[in-house]
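Structure, as structure tokens:
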Amino acid sequence: MSSRPLVSVVIVNWNKKDDLRECLESVRTQTYKNIEIIVVDNHSTDGSIELIRGDFTEVKLIVMPDPSYGACETFNIGFANATGKYTVVMDNDAMLERTWIDKNVKEFEIDSVLGCIAGRVLNFYTNEDWGFWVYGLTDDWMKKEFYTTVFVGCSAMIRTDIFNEVGGYPKEYFLYHNEFALGAKIINAGYKIKYNPNTKAYHKVSQTQGHSKKGDYYSIRNWYWYVWQFYPLDLAVKHTLIHFAKNAHIGLRYPSTFLKAHLVAMSKILAILVNRTPLKERELLKPVRW
């Protein structure tokens, strides 16, 4: 048996065969070799399933019965099937530098309260920093290590036993801002989330991400849910107002989508307020642009 802990890599895919191939190749060529790869496929019809069965036979493939499942639910299925000590959460259009897993395992093995770690993400097409995902950090922030409350959803490593303790992504989010919610639960459980600038992943950044009726709907709705449940009261009020103002232009472009997002968000506010679990480490919110 290898003395190095097993690492599970969980990838969710839907009709991105070519991107998936590059993603899997970047995992296959890692310098760290004690890896299991789990792909949860949301019933692709573009040959993705055949690609895995033919060219990546080492992959544990889970095929959903139809494509109606959200990213949160399919990732959770992958997490539930992970048997490694650590789990890599990875988008199907992301690629890891060859030493990414090796470097992050070393970080975990020397820090018993580290719950999640994520690193630099570069735009695959331009090789430029994509910031700390969507958090608007300055160049100075991106170059230094710090603890935070969020992690990069396209490439992060999490202690697998955390999923049993706090659960995975909130299924009701479907997609978008699910990393925020899981990050808050990780922090509230007493673990740390670290940004490690010494690791690099490359992401095929969509030019239209969040700029569609579907994307805008989930982004608006889920941000409210996250803030109302996990932010200290003063910041929750502040960010509710900021979020509404920042997205007012969507109301002009897609008025029905804007209205629906707010109505559905408000429909759950009482349940959310009853179960509020504000972040214990308020200071950790500082790296995130307020």
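Simple scheme: letters A, B, ... for chains in structure tokens order, numbers from 1 for residues in each chain, numbers from 1 for ligands in the order shown.
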Give me, as a tab-separated table, each residue of region 60-133 of chain A that comes within 6 Å of region 186-199 of chain A, together with its shortest interatomic pair and the distance in Å at one decimal, counting only C-alpha atoms, with rows ordered by chain and rising residue number.
residue	atom	partner	partner_atom	distance
A:Trp100	CA	A:Thr199	CA	5.7
A:Val113	CA	A:Tyr191	CA	5.1
A:Leu114	CA	A:Lys192	CA	4.7
A:Gly115	CA	A:Tyr191	CA	5.0
A:Cys116	CA	A:Ile193	CA	4.7
A:Ile117	CA	A:Lys194	CA	4.8
A:Ala118	CA	A:Tyr195	CA	5.2
A:Gly119	CA	A:Asn196	CA	4.5
A:Arg120	CA	A:Pro197	CA	5.3
Give me, as a PyMOL selection string, the residues of region 19-252 of chain A that a backbone DSSP run labels strand (DSSP E).
chain A and resi 35-41+60-63+86-91+94-96+114-123+146-148+155-159+192-203
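Distances from A:Lys60, A:His203, A:Lys17, A:His177 to Asp93 (chain A) were compared using only C-alpha atoms, and the smallest one belongs to A:His203.
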So that I can check the surroundings of region 163-173 of chain A, please list as an NGL selection string every protein, DNA and RNA residue that reaches within 9 Å of it, counting only C-alpha atoms and ignoring chain neighbours fewer than 6 positions away.
:A and (70-73 or 75-76 or 79-80 or 179 or 181-182 or 185-186 or 189 or 218 or 221-222 or 225)
Output file for the selection above: C-alpha atoms, as a PDB file, in the first residue's frame:
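So the final result, stored in selection19.pdb, reads:
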ATOM      1  CA  GLY A  70     -27.909  20.320 -11.207  1.00  0.00           C
ATOM      2  CA  ALA A  71     -24.181  20.732 -10.717  1.00  0.00           C
ATOM      3  CA  CYS A  72     -24.584  20.711  -6.931  1.00  0.00           C
ATOM      4  CA  GLU A  73     -26.380  17.375  -6.883  1.00  0.00           C
ATOM      5  CA  PHE A  75     -20.942  16.897  -7.467  1.00  0.00           C
ATOM      6  CA  ASN A  76     -22.460  15.601  -4.232  1.00  0.00           C
ATOM      7  CA  PHE A  79     -18.241  13.307  -3.220  1.00  0.00           C
ATOM      8  CA  ALA A  80     -20.289  10.435  -1.779  1.00  0.00           C
ATOM      9  CA  GLU A 179     -18.783  27.037  -3.138  1.00  0.00           C
ATOM     10  CA  ALA A 181     -22.092  28.052   1.076  1.00  0.00           C
ATOM     11  CA  LEU A 182     -19.860  24.996   1.491  1.00  0.00           C
ATOM     12  CA  LYS A 185     -19.918  25.478   6.548  1.00  0.00           C
ATOM     13  CA  ILE A 186     -16.269  24.377   6.502  1.00  0.00           C
ATOM     14  CA  ALA A 189     -17.072  23.527  11.586  1.00  0.00           C
ATOM     15  CA  TYR A 218     -29.241  31.392 -10.171  1.00  0.00           C
ATOM     16  CA  ARG A 221     -31.103  34.098  -6.120  1.00  0.00           C
ATOM     17  CA  ASN A 222     -28.283  32.084  -4.606  1.00  0.00           C
ATOM     18  CA  TRP A 225     -29.536  32.827   0.145  1.00  0.00           C
TER      19      TRP A 225
END
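Across A:His262, A:Lys246, A:Lys200, A:Arg53, the tightest approach to Glu97 (chain A) is made by A:Lys200 when counting only C-alpha atoms.
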Residues within 9 Å of Tyr231 (chain A), only C-alpha atoms, excluding chain neighbours under 6 positions, as number ranges by chain
A: 237, 239, 276-279, 282
I need the alpha helix (DSSP H) residues of region 18-151 of chain A per DSSP on the backbone, written as a ChimeraX atom specification.
/A:18-28,48-55,71-80,100-109,139-142
Atoms to include: C-alpha atoms. Write the selected residues as a CSV table (one decimal), in the first residue's frame.
chain,number,residue,atom,x,y,z
A,18,ASP,CA,-13.0,17.8,-25.9
A,19,ASP,CA,-12.6,19.8,-22.7
A,20,LEU,CA,-13.0,16.7,-20.6
A,21,ARG,CA,-10.3,14.9,-22.5
A,22,GLU,CA,-7.8,17.7,-21.6
A,23,CYS,CA,-9.0,17.8,-18.1
A,24,LEU,CA,-8.5,14.1,-17.6
A,25,GLU,CA,-5.1,14.2,-19.2
A,26,SER,CA,-4.0,16.9,-16.7
A,27,VAL,CA,-5.0,14.6,-13.9
A,28,ARG,CA,-3.5,11.5,-15.5
A,48,SER,CA,-18.1,12.0,-23.6
A,49,ILE,CA,-19.3,8.7,-22.1
A,50,GLU,CA,-17.7,6.7,-24.9
A,51,LEU,CA,-14.5,8.7,-24.5
A,52,ILE,CA,-14.1,7.7,-20.9
A,53,ARG,CA,-15.0,4.1,-21.5
A,54,GLY,CA,-12.6,3.8,-24.4
A,55,ASP,CA,-9.6,6.0,-23.5
A,71,ALA,CA,-24.2,20.7,-10.7
A,72,CYS,CA,-24.6,20.7,-6.9
A,73,GLU,CA,-26.4,17.4,-6.9
A,74,THR,CA,-24.0,15.7,-9.3
A,75,PHE,CA,-20.9,16.9,-7.5
A,76,ASN,CA,-22.5,15.6,-4.2
A,77,ILE,CA,-22.9,12.2,-5.8
A,78,GLY,CA,-19.2,12.3,-6.8
A,79,PHE,CA,-18.2,13.3,-3.2
A,80,ALA,CA,-20.3,10.4,-1.8
A,100,TRP,CA,-0.8,20.6,-8.3
A,101,ILE,CA,-2.0,17.6,-6.3
A,102,ASP,CA,1.5,16.9,-4.9
A,103,LYS,CA,1.9,20.4,-3.5
A,104,ASN,CA,-1.6,20.5,-1.9
A,105,VAL,CA,-1.3,17.1,-0.3
A,106,LYS,CA,1.9,18.3,1.4
A,107,GLU,CA,0.0,21.4,2.7
A,108,PHE,CA,-2.7,19.2,4.2
A,109,GLU,CA,-0.3,16.7,5.8
A,139,ASP,CA,-2.4,41.6,-7.8
A,140,ASP,CA,-0.9,42.0,-4.3
A,141,TRP,CA,-3.5,39.7,-2.8
A,142,MET,CA,-3.1,37.1,-5.5
Exercise: Gly153 (chain A) partners within 8 Å, only C-alpha atoms, chain neighbours under 4 positions left out, as a PyMOL selection string:
chain A and resi 89-91+179
Using Å and a single decimal, report how far CA of Trp223 (chain A) sits from CA of Val9 (chain A).
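Here the two named atoms are 26.9 Å from each other.
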Can you work out the spacing between CA of Ser267 (chain A) and CA of Leu175 (chain A) in Å, to one decimal?
18.5 Å
Can you pull out the residues contacting Asn247 (chain A)? Cut-off 12 Å, using only C-alpha atoms, and skip same-chain residues under 3 positions away; I want them as number ranges by chain.
A: 210-211, 216-217, 219-221, 223-224, 239-244, 250-255, 257-259, 261-262
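The space between CA of Phe151 (chain A) and CA of Val88 (chain A) spans 11.8 Å.
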Determine the nearest neighbour of Pro5 (chain A) from the options A:Tyr69, A:Tyr86, A:Phe180, A:Phe56, counting only C-alpha atoms.
A:Tyr86
